[in-house]
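What follows is the content of data-v2.cif, which has mmCIF, C-alpha atoms and all ligand atoms:
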data_my_file
#
loop_
_atom_site.label_atom_id
_atom_site.label_comp_id
_atom_site.auth_asym_id
_atom_site.auth_seq_id
_atom_site.Cartn_x
_atom_site.Cartn_y
_atom_site.Cartn_z
CA MET I 787 0.00 0.00 0.00
CA ALA I 788 1.31 3.46 -0.84
CA THR I 789 2.13 5.61 2.15
CA HIS I 790 -0.33 8.44 2.64
CA SER I 791 0.75 11.53 4.52
CA LEU I 792 -1.28 13.28 7.19
CA PHE I 793 -0.20 16.59 8.66
CA LEU I 794 -1.73 17.18 12.08
CA LEU I 795 -2.26 20.70 13.41
CA PRO I 796 -3.89 20.27 16.84
CA GLY I 797 -3.85 24.02 17.59
CA ASP I 798 -4.94 25.49 20.90
CA GLY I 799 -7.30 24.79 23.78
CA ILE I 800 -9.40 21.66 23.30
CA GLY I 801 -7.81 21.25 19.83
CA THR I 802 -4.86 19.44 21.41
CA GLU I 803 -7.11 17.35 23.67
CA ILE I 804 -9.37 16.02 20.91
CA MET I 805 -6.53 15.44 18.42
CA VAL I 806 -5.03 12.86 20.81
CA GLU I 807 -8.11 10.71 20.28
CA VAL I 808 -7.68 10.84 16.49
CA GLU I 809 -4.01 9.93 16.85
CA LYS I 810 -5.06 6.79 18.73
CA ILE I 811 -7.40 5.81 15.90
CA ILE I 812 -4.66 6.36 13.33
CA ALA I 813 -2.21 4.28 15.40
CA TRP I 814 -4.79 1.49 15.52
CA SER I 815 -5.61 1.55 11.78
CA ASN I 816 -1.90 1.62 10.91
CA ALA I 817 -1.18 -1.29 13.29
CA GLU I 818 -4.05 -3.28 11.74
CA GLY I 819 -2.66 -2.62 8.25
CA LEU I 820 -5.91 -0.86 7.32
CA THR I 821 -4.00 2.36 6.65
CA ASP I 822 -0.41 3.33 6.06
CA PHE I 823 -0.39 6.90 7.26
CA ALA I 824 2.86 8.75 7.72
CA ILE I 825 2.16 11.35 10.39
CA ASP I 826 3.78 14.71 10.96
CA THR I 827 2.63 17.28 13.49
CA GLY I 828 2.98 21.07 13.44
CA LEU I 829 1.95 24.21 15.27
CA ALA I 830 -0.91 26.49 14.24
CA GLY I 831 -2.64 29.28 16.11
CA GLY I 832 -1.68 30.75 19.46
CA CYS I 833 0.80 27.97 20.18
CA ALA I 834 2.66 28.83 16.96
CA TYR I 835 2.61 32.52 17.87
CA ASP I 836 4.12 31.68 21.26
CA ALA I 837 6.80 29.51 19.61
CA HIS I 838 7.86 31.79 16.74
CA GLY I 839 5.76 34.92 16.61
CA GLU I 840 3.54 33.87 13.67
CA ALA I 841 0.18 32.08 13.59
CA ILE I 842 1.82 29.46 11.39
CA SER I 843 5.45 29.16 10.29
CA GLU I 844 6.56 28.95 6.65
CA ASP I 845 7.92 25.51 7.41
CA ASP I 846 4.55 24.24 8.62
CA MET I 847 2.77 25.92 5.68
CA ALA I 848 5.08 24.03 3.33
CA LYS I 849 4.29 20.77 5.11
CA ALA I 850 0.55 21.47 4.88
CA LEU I 851 0.88 22.12 1.15
CA LYS I 852 2.76 18.85 0.63
CA ALA I 853 0.60 16.56 2.77
CA ASP I 854 -2.15 14.38 1.28
CA ALA I 855 -4.44 15.81 3.94
CA VAL I 856 -4.28 18.18 6.89
CA ILE I 857 -6.16 17.33 10.08
CA PHE I 858 -6.81 20.52 12.04
CA GLY I 859 -7.99 20.80 15.65
CA ALA I 860 -8.97 24.33 16.68
CA VAL I 861 -7.21 27.63 17.31
CA GLY I 862 -7.68 30.75 19.38
CA GLY I 863 -8.26 31.83 22.92
CA PRO I 864 -8.26 34.88 25.19
CA LYS I 865 -4.50 34.60 25.76
CA TRP I 866 -3.98 35.97 22.24
CA ASP I 867 -6.70 38.64 22.28
CA ASN I 868 -4.14 41.41 22.00
CA VAL I 869 -1.65 40.08 19.47
CA PRO I 870 -1.37 42.01 16.17
CA TYR I 871 -4.32 41.30 13.88
CA ASP I 872 -2.33 39.50 11.18
CA LYS I 873 -0.71 37.24 13.77
CA ARG I 874 -3.86 36.27 15.66
CA PRO I 875 -4.43 32.49 15.93
CA GLU I 876 -7.32 32.48 13.44
CA ALA I 877 -4.98 33.88 10.77
CA ALA I 878 -3.39 30.42 10.54
CA LEU I 879 -6.69 28.85 9.60
CA LEU I 880 -7.50 31.51 7.02
CA ARG I 881 -4.05 31.26 5.45
CA LEU I 882 -4.26 27.48 5.24
CA ARG I 883 -7.66 27.70 3.54
CA LYS I 884 -6.50 30.37 1.11
CA ASP I 885 -3.04 29.04 0.25
CA LEU I 886 -4.26 25.47 -0.16
CA GLY I 887 -7.15 26.74 -2.30
CA LEU I 888 -9.76 25.02 -0.13
CA PHE I 889 -12.82 26.72 -1.55
CA ALA I 890 -15.37 24.01 -0.80
CA ASN I 891 -16.32 23.46 2.81
CA LEU I 892 -18.62 20.52 3.48
CA ARG I 893 -20.37 20.75 6.83
CA PRO I 894 -22.73 17.83 7.36
CA ALA I 895 -25.24 18.07 10.20
CA ILE I 896 -26.51 14.64 11.07
CA CYS I 897 -28.66 13.91 14.07
CA TYR I 898 -27.61 10.51 15.37
CA PRO I 899 -30.74 8.56 16.39
CA ALA I 900 -29.55 8.29 20.00
CA LEU I 901 -29.23 12.07 20.23
CA ALA I 902 -32.69 13.04 19.00
CA ASP I 903 -33.57 14.00 22.57
CA ALA I 904 -30.28 15.85 23.17
CA SER I 905 -31.10 18.51 20.59
CA ALA I 906 -32.43 21.86 21.70
CA LEU I 907 -35.32 21.13 19.33
CA LYS I 908 -38.16 18.63 19.72
CA ARG I 909 -37.35 15.04 18.74
CA GLU I 910 -39.80 14.99 15.80
CA LEU I 911 -38.08 18.02 14.24
CA VAL I 912 -34.59 16.51 14.25
CA GLU I 913 -35.02 12.73 14.20
CA GLY I 914 -33.38 11.44 11.00
CA LEU I 915 -31.96 14.86 10.17
CA ASP I 916 -29.21 14.74 7.53
CA ILE I 917 -28.33 18.05 5.92
CA LEU I 918 -25.18 19.24 4.24
CA ILE I 919 -24.08 22.85 4.27
CA VAL I 920 -21.72 23.63 1.41
CA ARG I 921 -19.91 26.79 2.43
CA GLU I 922 -17.73 28.81 0.06
CA LEU I 923 -14.46 29.12 2.00
CA THR I 924 -11.87 31.24 0.20
CA GLY I 925 -13.81 34.31 -0.85
CA GLY I 926 -16.42 36.78 0.26
CA VAL I 927 -16.09 39.18 3.15
CA TYR I 928 -13.41 37.04 4.81
CA PHE I 929 -10.86 37.94 2.15
CA GLY I 930 -12.20 40.92 0.16
CA GLU I 931 -10.16 44.13 -0.01
CA PRO I 932 -10.13 46.73 1.36
CA LYS I 933 -10.18 45.30 4.84
CA GLU I 934 -9.06 48.01 7.23
CA ILE I 935 -9.70 50.45 10.01
CA THR I 936 -8.93 54.05 9.07
CA ASP I 937 -8.73 57.02 11.37
CA LEU I 938 -11.02 59.75 10.11
CA GLY I 939 -9.13 62.33 12.12
CA ASN I 940 -12.23 63.71 13.83
CA GLY I 941 -12.23 61.29 16.71
CA GLN I 942 -14.02 58.77 14.52
CA LYS I 943 -12.71 55.64 12.86
CA ARG I 944 -14.07 53.63 9.95
CA GLY I 945 -13.92 49.84 9.87
CA VAL I 946 -14.27 48.29 6.42
CA ASP I 947 -14.66 44.72 5.23
CA THR I 948 -15.45 44.01 1.62
CA GLN I 949 -17.73 41.30 0.29
CA VAL I 950 -16.50 40.27 -3.16
CA TYR I 951 -17.45 37.33 -5.36
CA GLU I 952 -16.53 36.67 -8.95
CA THR I 953 -18.44 34.41 -11.30
CA TYR I 954 -15.88 31.56 -11.23
CA GLU I 955 -15.93 31.39 -7.44
CA ILE I 956 -19.69 31.01 -7.32
CA ASP I 957 -19.79 28.65 -10.29
CA ARG I 958 -17.30 26.18 -8.79
CA ILE I 959 -18.88 26.02 -5.33
CA ALA I 960 -22.33 25.65 -6.88
CA ARG I 961 -21.09 22.71 -8.99
CA VAL I 962 -19.65 21.01 -5.90
CA ALA I 963 -22.99 21.44 -4.15
CA PHE I 964 -25.08 20.18 -7.08
CA ASP I 965 -22.79 17.18 -7.57
CA LEU I 966 -23.15 16.31 -3.89
CA ALA I 967 -26.93 16.82 -4.00
CA ARG I 968 -27.06 14.16 -6.72
CA THR I 969 -25.50 11.67 -4.31
CA ARG I 970 -28.07 12.49 -1.61
CA GLY I 971 -31.60 13.88 -1.62
CA ASN I 972 -31.37 15.73 -4.97
CA LYS I 973 -32.43 19.02 -3.45
CA ILE I 974 -30.57 22.33 -3.11
CA HIS I 975 -31.29 25.58 -1.33
CA SER I 976 -29.02 28.46 -2.31
CA ALA I 977 -28.92 31.03 0.51
CA ASP I 978 -27.91 34.64 -0.12
CA LYS I 979 -29.04 38.20 0.56
CA LYS I 980 -29.76 39.25 -3.00
CA ASN I 981 -32.39 41.61 -1.59
CA VAL I 982 -29.65 43.87 -0.17
CA MET I 983 -26.31 42.79 -1.61
CA LYS I 984 -24.94 43.10 -5.14
CA SER I 985 -22.73 40.08 -4.52
CA GLY I 986 -25.95 38.28 -3.60
CA VAL I 987 -27.53 39.23 -6.92
CA LEU I 988 -24.53 37.79 -8.75
CA TRP I 989 -24.51 34.72 -6.48
CA ASP I 990 -28.11 33.95 -7.39
CA GLU I 991 -27.58 34.61 -11.09
CA VAL I 992 -24.62 32.23 -11.29
CA VAL I 993 -26.17 29.50 -9.15
CA ARG I 994 -29.32 29.58 -11.31
CA THR I 995 -27.18 29.24 -14.44
CA VAL I 996 -25.39 26.21 -12.94
CA ALA I 997 -28.78 24.77 -11.92
CA LYS I 998 -29.67 24.48 -15.62
CA ASP I 999 -26.96 21.82 -15.95
CA TYR I 1000 -28.59 19.89 -13.11
CA SER I 1001 -32.25 19.78 -14.11
CA ASP I 1002 -32.62 16.55 -12.09
CA VAL I 1003 -31.84 18.42 -8.84
CA ALA I 1004 -34.67 20.44 -7.25
CA PHE I 1005 -33.44 24.01 -6.95
CA ASN I 1006 -34.68 26.52 -4.38
CA HIS I 1007 -33.57 30.03 -3.59
CA ILE I 1008 -33.80 31.21 0.03
CA LEU I 1009 -32.78 34.44 1.72
CA ALA I 1010 -30.09 33.71 4.30
CA ASP I 1011 -31.99 35.18 7.25
CA ASN I 1012 -35.06 33.11 6.43
CA CYS I 1013 -32.75 30.10 6.06
CA ALA I 1014 -31.54 30.55 9.65
CA MET I 1015 -35.15 30.69 10.83
CA GLN I 1016 -36.24 27.69 8.73
CA LEU I 1017 -33.33 25.62 10.06
CA VAL I 1018 -34.81 25.99 13.51
CA ARG I 1019 -38.48 25.83 12.45
CA ASN I 1020 -38.36 22.79 10.17
CA PRO I 1021 -34.81 21.61 9.45
CA LYS I 1022 -35.79 18.44 7.62
CA GLN I 1023 -37.03 20.46 4.64
CA PHE I 1024 -33.34 20.88 3.70
CA ASP I 1025 -30.98 18.51 1.94
CA VAL I 1026 -28.03 20.58 0.63
CA ILE I 1027 -27.62 24.28 1.43
CA VAL I 1028 -25.06 26.16 -0.66
CA THR I 1029 -24.01 29.55 0.61
CA ASP I 1030 -21.21 32.06 0.93
CA ASN I 1031 -18.36 32.18 3.43
CA LEU I 1032 -19.98 34.28 6.18
CA PHE I 1033 -23.53 32.91 5.93
CA GLY I 1034 -22.07 29.40 5.85
CA ASP I 1035 -20.15 30.05 9.05
CA ILE I 1036 -23.26 31.21 10.88
CA LEU I 1037 -25.73 28.73 9.41
CA SER I 1038 -23.46 25.81 10.30
CA ASP I 1039 -23.34 26.82 13.97
CA VAL I 1040 -27.15 26.95 13.89
CA ALA I 1041 -27.27 23.52 12.24
CA ALA I 1042 -24.88 22.18 14.88
CA MET I 1043 -27.41 22.67 17.62
CA LEU I 1044 -29.94 20.56 15.71
CA THR I 1045 -27.60 17.59 16.12
CA GLY I 1046 -27.20 18.06 19.88
CA SER I 1047 -23.98 20.07 20.10
CA LEU I 1048 -21.32 22.00 18.26
CA GLY I 1049 -19.06 19.21 19.51
CA MET I 1050 -20.74 16.86 17.00
CA LEU I 1051 -20.11 18.72 13.74
CA PRO I 1052 -17.19 17.74 11.48
CA SER I 1053 -16.10 19.41 8.25
CA ALA I 1054 -14.04 18.90 5.13
CA ALA I 1055 -12.41 21.76 3.24
CA LEU I 1056 -11.55 20.71 -0.30
CA GLY I 1057 -9.66 22.26 -3.19
CA ALA I 1058 -10.09 21.73 -6.92
CA PRO I 1059 -8.97 18.38 -8.34
CA ASP I 1060 -5.40 18.50 -9.68
CA ALA I 1061 -5.43 18.57 -13.49
CA VAL I 1062 -3.01 15.62 -13.70
CA THR I 1063 -3.55 13.46 -10.61
CA GLY I 1064 -7.18 14.35 -9.90
CA LYS I 1065 -6.24 14.65 -6.21
CA ARG I 1066 -7.68 17.50 -4.16
CA LYS I 1067 -5.85 19.38 -1.43
CA ALA I 1068 -7.84 18.98 1.75
CA MET I 1069 -8.11 19.92 5.38
CA TYR I 1070 -10.44 18.32 7.90
CA GLU I 1071 -11.53 20.09 11.06
CA PRO I 1072 -14.36 20.24 13.53
CA VAL I 1073 -16.73 23.18 13.05
CA HIS I 1074 -16.24 24.28 16.66
CA GLY I 1075 -13.41 26.34 18.10
CA SER I 1076 -10.89 25.94 20.90
CA ALA I 1077 -13.60 26.23 23.60
CA PRO I 1078 -11.55 28.25 26.11
CA ASP I 1079 -14.33 27.83 28.69
CA ILE I 1080 -13.68 24.09 28.98
CA ALA I 1081 -10.07 23.80 27.76
CA GLY I 1082 -7.79 21.83 30.07
CA LYS I 1083 -10.67 20.11 31.85
CA GLY I 1084 -10.60 16.94 29.77
CA ILE I 1085 -14.32 17.15 29.07
CA ALA I 1086 -14.41 18.28 25.42
CA ASN I 1087 -16.41 16.08 23.09
CA PRO I 1088 -13.97 14.50 20.60
CA ILE I 1089 -16.71 13.29 18.21
CA ALA I 1090 -16.56 16.25 15.78
CA MET I 1091 -12.79 15.73 15.54
CA ILE I 1092 -13.04 11.97 15.06
CA ALA I 1093 -15.85 12.40 12.52
CA SER I 1094 -13.61 14.91 10.67
CA HIS I 1095 -10.96 12.20 10.45
CA ALA I 1096 -13.64 9.88 9.05
CA MET I 1097 -14.35 12.51 6.39
CA ALA I 1098 -10.62 12.49 5.53
CA LEU I 1099 -10.74 8.72 5.09
CA ARG I 1100 -13.77 9.12 2.82
CA TYR I 1101 -12.89 12.16 0.73
CA SER I 1102 -9.08 12.14 0.54
CA PHE I 1103 -8.33 8.44 0.60
CA GLY I 1104 -11.42 6.69 -0.74
CA MET I 1105 -11.40 4.43 2.35
CA ILE I 1106 -15.16 4.25 2.42
CA GLU I 1107 -15.42 1.08 4.45
CA LEU I 1108 -13.15 2.39 7.20
CA ALA I 1109 -14.91 5.78 7.20
CA ASP I 1110 -18.26 3.97 7.57
CA LYS I 1111 -16.75 1.93 10.39
CA VAL I 1112 -15.58 5.01 12.30
CA GLU I 1113 -18.94 6.72 11.88
CA GLY I 1114 -20.65 3.46 12.89
CA ALA I 1115 -18.48 3.32 16.04
CA ILE I 1116 -19.59 6.85 16.94
CA ALA I 1117 -23.26 5.95 16.43
CA SER I 1118 -22.76 2.81 18.47
CA VAL I 1119 -21.23 4.45 21.56
CA LEU I 1120 -24.02 7.02 21.48
CA ALA I 1121 -26.59 4.24 21.22
CA ASP I 1122 -24.95 2.64 24.27
CA GLY I 1123 -25.79 5.83 26.12
CA LEU I 1124 -22.30 7.32 26.40
CA ARG I 1125 -22.40 11.10 26.61
CA CYS I 1126 -19.90 13.92 26.98
CA ALA I 1127 -21.11 16.90 29.00
CA ASP I 1128 -22.20 18.91 25.94
CA ILE I 1129 -24.68 16.20 24.91
CA ALA I 1130 -25.68 15.21 28.41
CA GLN I 1131 -29.22 13.93 28.80
CA ASP I 1132 -31.58 12.79 31.53
CA ASN I 1133 -29.08 13.49 34.32
CA ARG I 1134 -27.08 10.48 33.19
CA LYS I 1135 -23.39 10.23 34.00
CA THR I 1136 -21.13 11.89 31.45
CA VAL I 1137 -17.67 10.86 30.30
CA GLY I 1138 -14.61 12.91 29.44
CA THR I 1139 -12.69 13.26 26.18
CA GLU I 1140 -10.40 10.33 26.80
CA GLU I 1141 -13.15 7.93 27.84
CA MET I 1142 -15.28 8.83 24.81
CA GLY I 1143 -12.27 8.37 22.49
CA ALA I 1144 -11.43 5.04 24.13
CA ALA I 1145 -15.02 3.81 23.77
CA ILE I 1146 -15.04 4.65 20.06
CA LEU I 1147 -11.69 2.91 19.61
CA ALA I 1148 -12.98 -0.15 21.48
CA LYS I 1149 -15.91 -0.37 19.02
CA LEU I 1150 -13.45 -0.21 16.13
CA LYS I 1151 -11.41 -3.02 17.65
CA ALA I 1152 -14.45 -5.18 18.36
P1 LIG Q 1 -16.23 27.60 20.39
O1 LIG Q 1 -16.72 26.76 19.28
O2 LIG Q 1 -14.81 27.41 20.79
O3 LIG Q 1 -17.14 27.35 21.68
C1 LIG Q 1 -18.52 27.68 21.73
C2 LIG Q 1 -19.20 26.87 22.85
O4 LIG Q 1 -19.32 25.51 22.45
C3 LIG Q 1 -18.41 26.87 24.15
O5 LIG Q 1 -19.30 26.91 25.23
C4 LIG Q 1 -17.67 25.56 24.11
O6 LIG Q 1 -17.37 25.02 25.39
C5 LIG Q 1 -18.65 24.67 23.36
N1 LIG Q 1 -17.93 23.63 22.60
C6 LIG Q 1 -17.29 23.80 21.42
N2 LIG Q 1 -16.73 22.66 21.04
C7 LIG Q 1 -17.00 21.75 21.99
C8 LIG Q 1 -16.68 20.37 22.15
N3 LIG Q 1 -15.96 19.69 21.26
N4 LIG Q 1 -17.13 19.74 23.25
C9 LIG Q 1 -17.88 20.40 24.17
N5 LIG Q 1 -18.23 21.69 24.06
C10 LIG Q 1 -17.78 22.36 22.97
O7 LIG Q 1 -16.50 29.10 19.99
P2 LIG Q 1 -16.04 30.48 20.71
O8 LIG Q 1 -16.05 30.30 22.17
O9 LIG Q 1 -16.86 31.50 20.08
O10 LIG Q 1 -14.55 30.68 20.21
C11 LIG Q 1 -13.40 30.36 20.98
C12 LIG Q 1 -12.15 30.54 20.14
O11 LIG Q 1 -12.15 29.56 19.10
C13 LIG Q 1 -12.10 31.90 19.43
O12 LIG Q 1 -10.75 32.32 19.47
C14 LIG Q 1 -12.51 31.59 18.01
O13 LIG Q 1 -11.98 32.46 17.05
C15 LIG Q 1 -11.96 30.21 17.84
N6 LIG Q 1 -12.60 29.39 16.82
C16 LIG Q 1 -11.77 28.59 16.13
C17 LIG Q 1 -12.29 27.71 15.20
C18 LIG Q 1 -11.34 26.80 14.49
O14 LIG Q 1 -10.18 26.74 14.87
N7 LIG Q 1 -11.77 26.07 13.49
C19 LIG Q 1 -13.66 27.64 14.99
C20 LIG Q 1 -14.50 28.49 15.74
C21 LIG Q 1 -13.95 29.36 16.67
C1 LIG Q 2 -15.12 28.27 11.55
C2 LIG Q 2 -14.55 29.37 12.40
C3 LIG Q 2 -13.60 30.23 11.59
C4 LIG Q 2 -14.43 30.93 10.52
C5 LIG Q 2 -12.79 31.27 12.38
C6 LIG Q 2 -12.10 30.69 13.56
C7 LIG Q 2 -11.80 31.94 11.47
O1 LIG Q 2 -15.56 30.09 13.01
O2 LIG Q 2 -14.36 27.52 10.91
O3 LIG Q 2 -16.34 28.09 11.54
O4 LIG Q 2 -15.02 31.97 10.76
O5 LIG Q 2 -14.43 30.42 9.39
MN MN Q 3 -17.52 29.21 12.79
#
Once you've parsed the file, please lay out its structure as C-alpha cells.
Amino acid sequence: MATHSLFLLPGDGIGTEIMVEVEKIIAWSNAEGLTDFAIDTGLAGGCAYDAHGEAISEDDMAKALKADAVIFGAVGGPKWDNVPYDKRPEAALLRLRKDLGLFANLRPAICYPALADASALKRELVEGLDILIVRELTGGVYFGEPKEITDLGNGQKRGVDTQVYETYEIDRIARVAFDLARTRGNKIHSADKKNVMKSGVLWDEVVRTVAKDYSDVAFNHILADNCAMQLVRNPKQFDVIVTDNLFGDILSDVAAMLTGSLGMLPSAALGAPDAVTGKRKAMYEPVHGSAPDIAGKGIANPIAMIASHAMALRYSFGMIELADKVEGAIASVLADGLRCADIAQDNRKTVGTEEMGAAILAKLKA
C-alpha cells in the first residue's frame, strides 16, 4: 500500500485534547494494516505565535501544502486577544484555507438517532436529520479588499470589510454542491441576501445558471436570514444548502445545535482536483473552536474531531469502508448511552474526552 501523509495541526485549547483521540485511531488503523499513514505534526494558532511569533510558520505551511491531507484541531483563545491582527491564531486557519485553495467546505449536520432528545429542538423536528451545508471558503467578506480600520481624524474611525465574489468562485462552489446533492436527496437551497447585496444578486444569477446543468436536482432560492429561521423551524425540509463564506459560518453553527452540540459537527475543506492526478488538497476540522471555557478540563467532546478524520478517510483516501466503520463506532457508543457533558441527557453520568475516544476505539477493535 502506498504511504499516505497526514499533517496534524492540533492548535490550541481543546484542539490538542481532541486530536489525541484521532491519533489513537490512526495508530490502531496503521497497526491493523488498514492504513499506512505517515504522520507529521505542526503548530498552528496561538501555540505557533508563542513559539515563533507567527500564527503558522513557513515551514509548517510548506508541510501542509505537501501533505495528502491536513487534520486541524482548533485555534484561538483569550490569551492571544491582543496580538497584532495578522498574527492572531485564526490567521493560521485563514491562510491554510486560502493558500491550499480550499474553496469548498462541506459541513454535514446529522442527528444521530440516540441524540434526537439531546437537541435543543423537539425530537420529531430533528429525528433522522441529515443536511449538508456547502460553504464557500476562500472568498467573500473574509478575504475581500479593502479590509481596514482608518482614522477619520475627527475622533471617529471607519472599519471596512469588503464582500466580493466573482463568477468563477460562485460557479465552482455551486457545482460542488449540485454534484453532492445528486449523491443524496437531490435538493438544493441556495442562501444569499440578494435583496440587499450586489454580490448576492450575482450569487443567485450564477447558481441559477449552474442549476440548468442539473435539471434533475430540485433548486430553491432562500434568503439567508429566512434560512436561519427555517433551520430551527423545520430543518428536515433541507438537503443541501449552498451559501457564501460568512452565511455558511453562521448557518453551520445553527445547524450544529440541531444535532445536539457543536461538539458533533465535522467538516471537510476541499480544493479543486489536480489537473493531472485528480487529487484534491484537503483539510479536515471540527466546526467548533478551541472552547476556552472548557479547555484543560478533559471534558471536550472528541466526536466532531473523530468524525472529521472519518471525512478524511472518505474524501481524501477513498477508504469508504473504514470511514463507515468510524462513523458506525460513533453511532454505536451514542446508542450505548455514552455522553460527553455537551450532549448530556436525563441526568445520566457523562464521560470525558479520553473515555469517549477510548469507547469509540474499542468499538473499532471489536
Ligand atoms: P467555540 O466553538 O470554541 O465554543 C462555543 C461553545 O461551544 C463553548 O461553550 C464551548 O465550550 C462549546 N464547545 C465547542 N466545542 C465543543 C466540544 N468539542 N465539546 C464540548 N463543548 C464544545 O467558539 P467560541 O467560544 O466563540 O470561540 C473560541 C475561540 O475559538 C475563538 O478564538 C474563536 O476564534 C476560535 N474558533 C476557532 C475555530 C477553528 O479553529 N476552526 C472555529 C470556531 C472558533
Ligand atoms: C469556523 C470558524 C472560523 C471561521 C474562524 C475561527 C476563522 O468560526 O471555521 O467556523 O469563521 O471560518
Ligand atoms: Mn464558525
Could you list as a PyMOL selection string every residue that has an atom within 12 Å of (-21.2, 24.2, -2.2), using the file's coordinates and counting all atoms listed in the file?
-> chain I and resi 888-894+918-924+955-967+974-977+989+993+996+1026-1031+1034+1054-1057
Within 6 Å of ligand LIG 1 (chain Q), counting only C-alpha atoms and all ligand atoms, residues as a JSON list (two decimals) with C-alpha atoms, keeping the file's coordinate frame:
[["chain", "number", "residue", "atom", "x", "y", "z"],
["I", 860, "ALA", "CA", -8.97, 24.33, 16.68],
["I", 861, "VAL", "CA", -7.21, 27.63, 17.31],
["I", 862, "GLY", "CA", -7.68, 30.75, 19.38],
["I", 863, "GLY", "CA", -8.26, 31.83, 22.92],
["I", 876, "GLU", "CA", -7.32, 32.48, 13.44],
["I", 1048, "LEU", "CA", -21.32, 22.00, 18.26],
["I", 1049, "GLY", "CA", -19.06, 19.21, 19.51],
["I", 1073, "VAL", "CA", -16.73, 23.18, 13.05],
["I", 1074, "HIS", "CA", -16.24, 24.28, 16.66],
["I", 1075, "GLY", "CA", -13.41, 26.34, 18.10],
["I", 1076, "SER", "CA", -10.89, 25.94, 20.90],
["I", 1077, "ALA", "CA", -13.60, 26.23, 23.60],
["I", 1078, "PRO", "CA", -11.55, 28.25, 26.11],
["I", 1079, "ASP", "CA", -14.33, 27.83, 28.69],
["I", 1080, "ILE", "CA", -13.68, 24.09, 28.98],
["I", 1086, "ALA", "CA", -14.41, 18.28, 25.42],
["I", 1087, "ASN", "CA", -16.41, 16.08, 23.09],
["I", 1088, "PRO", "CA", -13.97, 14.50, 20.60],
["I", 1128, "ASP", "CA", -22.20, 18.91, 25.94]]
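The spacing separating atom O1 of ligand LIG 2 (chain Q) from atom CA of I:Asp978 amounts to 18.6 Å.
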Please, which residues are within 6 Å of (-30.6, 21.5, 8.5) by the file's coordinates, counting only C-alpha atoms, and could they come as number ranges by chain?
-> I: 917, 1017, 1021, 1024, 1041
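Each of I:Gly986, I:Pro864, I:Pro870, I:Pro875 was checked against I:Ile842 using all atoms listed in the file; the smallest atom-to-atom distance is that of I:Pro875.
Atom pair atom CA of I:Asn981 / atom CA of I:Leu915: separated by 29.2 Å.
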Can you work out the spacing between atom CA of I:Phe793 and atom CA of I:Asp872 in Å, to one decimal?
-> 23.1 Å
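Among I:Ala906, I:Ile1036, I:Val808, I:Ala830, the residue with the shortest atom-to-atom distance to ligand MN 3 (chain Q), counting only C-alpha atoms and all ligand atoms, is I:Ile1036.
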Excluding I:Leu1032 and residues on its chain fewer than 3 positions from it, collect all residues at most 8 Å away from it, counting only C-alpha atoms, and give them as a list in words.
-> Gly926, Val927, Tyr928, Asp1035 and Ile1036 of chain I
May I have the residues within 12 Å of I:Glu1140 as a short mmCIF file (atom, residue, chain, number, x, y, z; two decimals) with C-alpha atoms, keeping the file's coordinate frame, using only C-alpha atoms and disregarding those fewer than 5 positions away in the same chain?
data_model
loop_
_atom_site.label_atom_id
_atom_site.label_comp_id
_atom_site.auth_asym_id
_atom_site.auth_seq_id
_atom_site.Cartn_x
_atom_site.Cartn_y
_atom_site.Cartn_z
CA ILE I 800 -9.40 21.66 23.30
CA THR I 802 -4.86 19.44 21.41
CA GLU I 803 -7.11 17.35 23.67
CA ILE I 804 -9.37 16.02 20.91
CA MET I 805 -6.53 15.44 18.42
CA VAL I 806 -5.03 12.86 20.81
CA GLU I 807 -8.11 10.71 20.28
CA VAL I 808 -7.68 10.84 16.49
CA GLU I 809 -4.01 9.93 16.85
CA LYS I 810 -5.06 6.79 18.73
CA LYS I 1083 -10.67 20.11 31.85
CA GLY I 1084 -10.60 16.94 29.77
CA ILE I 1085 -14.32 17.15 29.07
CA ALA I 1086 -14.41 18.28 25.42
CA ASN I 1087 -16.41 16.08 23.09
CA PRO I 1088 -13.97 14.50 20.60
CA ILE I 1089 -16.71 13.29 18.21
CA CYS I 1126 -19.90 13.92 26.98
CA ALA I 1145 -15.02 3.81 23.77
CA ILE I 1146 -15.04 4.65 20.06
CA LEU I 1147 -11.69 2.91 19.61
#
Report, as JSON, the axis-aligned box around all atoms of stretch 862-867 of chain I present in the file, extended by 4 Å on each side; give centre and edge lengths in Å to one decimal place.
{"center_x": -6.1, "center_y": 34.7, "center_z": 22.6, "size_x": 12.3, "size_y": 15.9, "size_z": 14.4}
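The neighbours of I:Lys1149 here are the residues that come within 9 Å of it, using all atoms listed in the file and leaving out any residue fewer than 2 positions away in the same chain; they are Lys1111, Val1112, Gly1114, Ala1115, Ile1116, Ser1118, Val1119, Ala1144, Ala1145, Ile1146, Leu1147, Lys1151 and Ala1152 of chain I.
Residues in contact range of I:Tyr898, defined as at most 9 Å between only C-alpha atoms, with sequence neighbours fewer than 2 positions away removed, read Ile896, Ala900, Leu901, Ala902, Glu913, Gly914, Leu915, Thr1045, Gly1046, Ile1116, Ala1117, Leu1120 and Ala1121 of chain I.
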Grab the residues selected above and save them as a compact mmCIF listing (two decimals), in the frame of the given file with C-alpha atoms.
# COMPACT_ATOMS: atom_id res chain seq x y z
CA ILE I 896 -26.51 14.64 11.07
CA ALA I 900 -29.55 8.29 20.00
CA LEU I 901 -29.23 12.07 20.23
CA ALA I 902 -32.69 13.04 19.00
CA GLU I 913 -35.02 12.73 14.20
CA GLY I 914 -33.38 11.44 11.00
CA LEU I 915 -31.96 14.86 10.17
CA THR I 1045 -27.60 17.59 16.12
CA GLY I 1046 -27.20 18.06 19.88
CA ILE I 1116 -19.59 6.85 16.94
CA ALA I 1117 -23.26 5.95 16.43
CA LEU I 1120 -24.02 7.02 21.48
CA ALA I 1121 -26.59 4.24 21.22
Given the choices I:Leu1051, I:Met983, I:Val912, I:Gly801, which gets closest to ligand MN 3 (chain Q) if the distance is worked out from only C-alpha atoms and all ligand atoms?
-> I:Leu1051
